[in-house]
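Data block below; observations after.
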Amino acid sequence: MNRWGIRVMCWGALIIGCTTPFVYAQDTVRYINMQKAFRGYYKTADSEASLKKQEDLIKERAEEMTDQLKKLKERLDLLEERSLNVALSDEARTQTQKEARQTGRVLETKQQEFREFVGEKQQELRKQYVRLRNTLTQEIIEYVRAYAEDHDIDTVMDVSGMSNNLLPVVIRYPDEKEITDTILAGLNQGHEEEVPVDEDVTDEGATD
């Protein structure tokens, strides 16, 4: 059988690009929970740890910028209050008003820099997450295809997949034909200590 002819039905129509699967009556069919496979893949934990580290660094920098904004705002409030003090000379009040305007301009600039920083970094993290998710998903799909070819399986259907109408693609299937745990065991071979601990991953599942 041509390896690329094996059908892997659908982990989220947006990723694999299919809608409602059609299975021939003579096909040998197996089922996989791709969401569980993704969560249980050891590389998922590594990737998420890397992203978390970057997220923490961004958060730390954002907190530093927030502290600077807070101090500038406190300085501006103090200057504005002082500029209204009738006990001061006209010259002193004029100078204070000038300092307040300068501080206000600096504050506006820093606020804009903060908004741009947060927006850009959030976008970068989202792009990295999508890129890593797509890469790991493709690795899992390739492994499933190879497994299916080796075991004379015609069609592998994703029981966690949703249709374009956000309805389950597979509603009922025989548990004994699910291969999720078998696939995870193969993907994680030699990396068992790196497998993430997750409720969805530790759920009991049938093996082929």
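Within each chain, counting starts at residue 1; across the structure tokens, chains are named A, B, ... in the order shown, with ligands numbered 1 upward in that order.
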
Tell me which protein, DNA and RNA residues are within 10 Å of Val106 (chain A), counting only C-alpha atoms, leaving out same-chain ones fewer than 6 positions away, and put them as a count of residues only. 6

Which residues are near Asp46 (chain A)? Cut-off 10 Å, only C-alpha atoms, ignore same chain within fewer than 4 positions. Put them as a PyMOL selection string. chain A and resi 41-42+50-52+194-196

If you run DSSP on this backbone, which residues of region 20-84 of chain A come out as strand (DSSP E), and could you give them as a VMD selection string? chain A and resid 29 to 32

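Between CA of Asp27 (chain A) and CA of Arg145 (chain A) the interatomic distance comes to 14.8 Å.
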
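Proximity ranking of A:Phe38, A:Val86, A:Glu120, A:Val169 relative to Asn134 (chain A) places A:Phe38 first, based on only C-alpha atoms.
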
Would you work out the distance separating CA of Pro174 (chain A) from CA of Ile153 (chain A), expressed in Å to one decimal?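 The value is 15.3 Å.
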
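The nearest approach to Gln97 (chain A) among the residues A:Arg172, A:Arg82, A:Lys36, A:Lys110, with only C-alpha atoms taken into account, belongs to A:Arg82.
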
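Look at Val170 (chain A): the protein and nucleic acid residues within 8 Å of it, using only C-alpha atoms and passing over chain neighbours fewer than 2 places away, are Met157, Asp158, Val159, Ser160, Gly161, Pro168, Arg172 and Tyr173 of chain A.
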
I'd like the neighbourhood of Lys70 (chain A) as a PyMOL selection string, where a residue qualifies if any of its atoms comes within 12 Å (using only C-alpha atoms), though same-chain residues fewer than 5 positions away should be ignored. chain A and resi 63-65+75-77+107+110-111

May I have the selected residues written with N, CA and C atoms, as a PDB file, in the first residue's frame?
ATOM      1  N   GLU A  63       6.630  43.993  33.663  1.00  0.00           N
ATOM      2  CA  GLU A  63       6.474  44.466  35.035  1.00  0.00           C
ATOM      3  C   GLU A  63       7.442  45.616  35.328  1.00  0.00           C
ATOM      4  N   GLU A  64       8.664  45.535  34.782  1.00  0.00           N
ATOM      5  CA  GLU A  64       9.634  46.618  34.939  1.00  0.00           C
ATOM      6  C   GLU A  64       9.109  47.896  34.283  1.00  0.00           C
ATOM      7  N   MET A  65       8.549  47.752  33.099  1.00  0.00           N
ATOM      8  CA  MET A  65       8.005  48.903  32.385  1.00  0.00           C
ATOM      9  C   MET A  65       6.801  49.479  33.126  1.00  0.00           C
ATOM     10  N   ARG A  75       5.021  61.041  39.725  1.00  0.00           N
ATOM     11  CA  ARG A  75       5.774  62.285  39.553  1.00  0.00           C
ATOM     12  C   ARG A  75       4.912  63.356  38.894  1.00  0.00           C
ATOM     13  N   LEU A  76       4.148  62.960  37.872  1.00  0.00           N
ATOM     14  CA  LEU A  76       3.278  63.910  37.180  1.00  0.00           C
ATOM     15  C   LEU A  76       2.199  64.440  38.121  1.00  0.00           C
ATOM     16  N   ASP A  77       1.590  63.568  38.890  1.00  0.00           N
ATOM     17  CA  ASP A  77       0.545  63.994  39.835  1.00  0.00           C
ATOM     18  C   ASP A  77       1.103  64.982  40.848  1.00  0.00           C
ATOM     19  N   LEU A 107       5.623  60.359  29.826  1.00  0.00           N
ATOM     20  CA  LEU A 107       4.692  59.320  30.246  1.00  0.00           C
ATOM     21  C   LEU A 107       3.915  58.777  29.045  1.00  0.00           C
ATOM     22  N   LYS A 110       6.219  56.576  26.981  1.00  0.00           N
ATOM     23  CA  LYS A 110       6.468  55.297  27.645  1.00  0.00           C
ATOM     24  C   LYS A 110       5.229  54.398  27.609  1.00  0.00           C
ATOM     25  N   GLN A 111       4.049  54.986  27.721  1.00  0.00           N
ATOM     26  CA  GLN A 111       2.818  54.201  27.645  1.00  0.00           C
ATOM     27  C   GLN A 111       2.663  53.577  26.262  1.00  0.00           C
TER      28      GLN A 111
END

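Each of A:Arg30, A:Gly119, A:Leu187, A:Glu192 was compared to Thr137 (chain A) using only C-alpha atoms, and A:Leu187 turns out to be the nearest.
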
Write out as a ChimeraX atom specification all residues of chain A that backbone DSSP assigns to alpha helix (DSSP H). /A:13-16,34-40,42-83,90-150,180-187,199-202

Could you turn the residues from that selection into a file that holds C-alpha atoms, as a compact mmCIF listing (two decimals), in the first residue's frame?
# COMPACT_ATOMS: atom_id res chain seq x y z
CA ALA A 13 -10.34 20.46 10.11
CA LEU A 14 -8.14 23.56 10.06
CA ILE A 15 -4.95 21.53 10.60
CA ILE A 16 -5.49 18.47 8.44
CA MET A 34 -5.11 13.23 18.38
CA GLN A 35 -5.66 15.70 21.19
CA LYS A 36 -4.52 13.12 23.72
CA ALA A 37 -1.64 12.11 21.45
CA PHE A 38 -0.48 15.71 21.19
CA ARG A 39 -0.73 16.31 24.94
CA GLY A 40 1.07 13.04 25.67
CA TYR A 42 7.16 14.19 25.09
CA LYS A 43 8.16 16.95 22.67
CA THR A 44 5.02 18.87 23.58
CA ALA A 45 6.24 19.36 27.13
CA ASP A 46 9.68 20.47 25.90
CA SER A 47 8.16 23.01 23.52
CA GLU A 48 5.74 24.37 26.08
CA ALA A 49 8.55 24.73 28.64
CA SER A 50 10.55 26.77 26.13
CA LEU A 51 7.58 29.01 25.41
CA LYS A 52 6.87 29.39 29.14
CA LYS A 53 10.45 30.54 29.71
CA GLN A 54 10.08 33.19 27.03
CA GLU A 55 6.70 34.21 28.41
CA ASP A 56 8.20 34.65 31.88
CA LEU A 57 10.98 36.87 30.51
CA ILE A 58 8.44 39.01 28.67
CA LYS A 59 6.29 39.25 31.79
CA GLU A 60 9.33 40.31 33.84
CA ARG A 61 10.17 43.07 31.36
CA ALA A 62 6.53 44.20 31.24
CA GLU A 63 6.47 44.47 35.03
CA GLU A 64 9.63 46.62 34.94
CA MET A 65 8.00 48.90 32.38
CA THR A 66 4.83 49.05 34.50
CA ASP A 67 6.86 50.17 37.52
CA GLN A 68 8.46 52.92 35.45
CA LEU A 69 5.03 54.09 34.29
CA LYS A 70 3.75 54.11 37.84
CA LYS A 71 6.66 56.26 39.03
CA LEU A 72 6.22 58.68 36.14
CA LYS A 73 2.50 58.99 36.90
CA GLU A 74 3.21 59.65 40.56
CA ARG A 75 5.77 62.29 39.55
CA LEU A 76 3.28 63.91 37.18
CA ASP A 77 0.55 63.99 39.84
CA LEU A 78 2.95 65.59 42.30
CA LEU A 79 4.03 68.26 39.82
CA GLU A 80 0.46 69.06 38.82
CA GLU A 81 -0.55 69.40 42.45
CA ARG A 82 2.46 71.60 43.18
CA SER A 83 1.74 73.84 40.19
CA ASP A 90 4.64 82.72 39.97
CA GLU A 91 8.09 81.79 38.71
CA ALA A 92 8.14 78.55 40.73
CA ARG A 93 4.65 77.60 39.59
CA THR A 94 5.54 78.31 35.96
CA GLN A 95 8.62 76.14 36.24
CA THR A 96 6.61 73.36 37.88
CA GLN A 97 4.00 73.52 35.10
CA LYS A 98 6.78 73.23 32.53
CA GLU A 99 8.19 70.15 34.30
CA ALA A 100 4.68 68.66 34.48
CA ARG A 101 4.19 69.06 30.72
CA GLN A 102 7.58 67.46 30.02
CA THR A 103 6.83 64.57 32.39
CA GLY A 104 3.42 64.12 30.78
CA ARG A 105 5.00 63.82 27.33
CA VAL A 106 7.51 61.27 28.61
CA LEU A 107 4.69 59.32 30.25
CA GLU A 108 2.69 59.23 27.00
CA THR A 109 5.76 58.01 25.09
CA LYS A 110 6.47 55.30 27.64
CA GLN A 111 2.82 54.20 27.64
CA GLN A 112 2.92 53.83 23.86
CA GLU A 113 6.18 51.87 24.07
CA PHE A 114 4.58 49.59 26.66
CA ARG A 115 1.52 48.91 24.51
CA GLU A 116 3.68 48.17 21.46
CA PHE A 117 5.99 45.90 23.46
CA VAL A 118 3.15 43.84 24.91
CA GLY A 119 1.32 43.60 21.58
CA GLU A 120 4.40 42.58 19.60
CA LYS A 121 5.57 39.99 22.12
CA GLN A 122 2.14 38.43 22.45
CA GLN A 123 1.93 38.13 18.68
CA GLU A 124 5.40 36.57 18.52
CA LEU A 125 4.47 33.99 21.16
CA ARG A 126 1.25 33.11 19.33
CA LYS A 127 3.14 32.61 16.08
CA GLN A 128 5.74 30.43 17.79
CA TYR A 129 3.01 28.34 19.43
CA VAL A 130 1.21 27.77 16.13
CA ARG A 131 4.48 26.90 14.38
CA LEU A 132 5.50 24.43 17.09
CA ARG A 133 2.02 22.90 17.25
CA ASN A 134 1.93 22.38 13.50
CA THR A 135 5.41 20.84 13.52
CA LEU A 136 4.59 18.38 16.31
CA THR A 137 1.22 17.56 14.79
CA GLN A 138 2.90 16.69 11.50
CA GLU A 139 5.39 14.45 13.31
CA ILE A 140 2.54 12.57 14.97
CA ILE A 141 0.66 12.22 11.68
CA GLU A 142 3.77 10.87 9.93
CA TYR A 143 4.24 8.31 12.70
CA VAL A 144 0.57 7.27 12.49
CA ARG A 145 0.86 6.85 8.72
CA ALA A 146 3.93 4.68 9.07
CA TYR A 147 2.27 2.62 11.81
CA ALA A 148 -0.84 2.17 9.67
CA GLU A 149 1.20 1.04 6.69
CA ASP A 150 3.13 -1.48 8.80
CA THR A 180 -3.85 6.21 20.86
CA ASP A 181 -1.85 4.60 23.65
CA THR A 182 0.02 2.39 21.20
CA ILE A 183 1.00 5.42 19.12
CA LEU A 184 2.10 7.34 22.21
CA ALA A 185 4.22 4.41 23.39
CA GLY A 186 6.02 4.41 20.05
CA LEU A 187 6.44 8.17 19.86
CA GLU A 199 -5.19 14.12 33.07
CA ASP A 200 -6.07 13.62 29.41
CA VAL A 201 -2.86 11.64 28.88
CA THR A 202 -3.28 9.34 31.88

Computed gap from CA of Ile171 (chain A) to CA of Tyr31 (chain A) is 11.6 Å
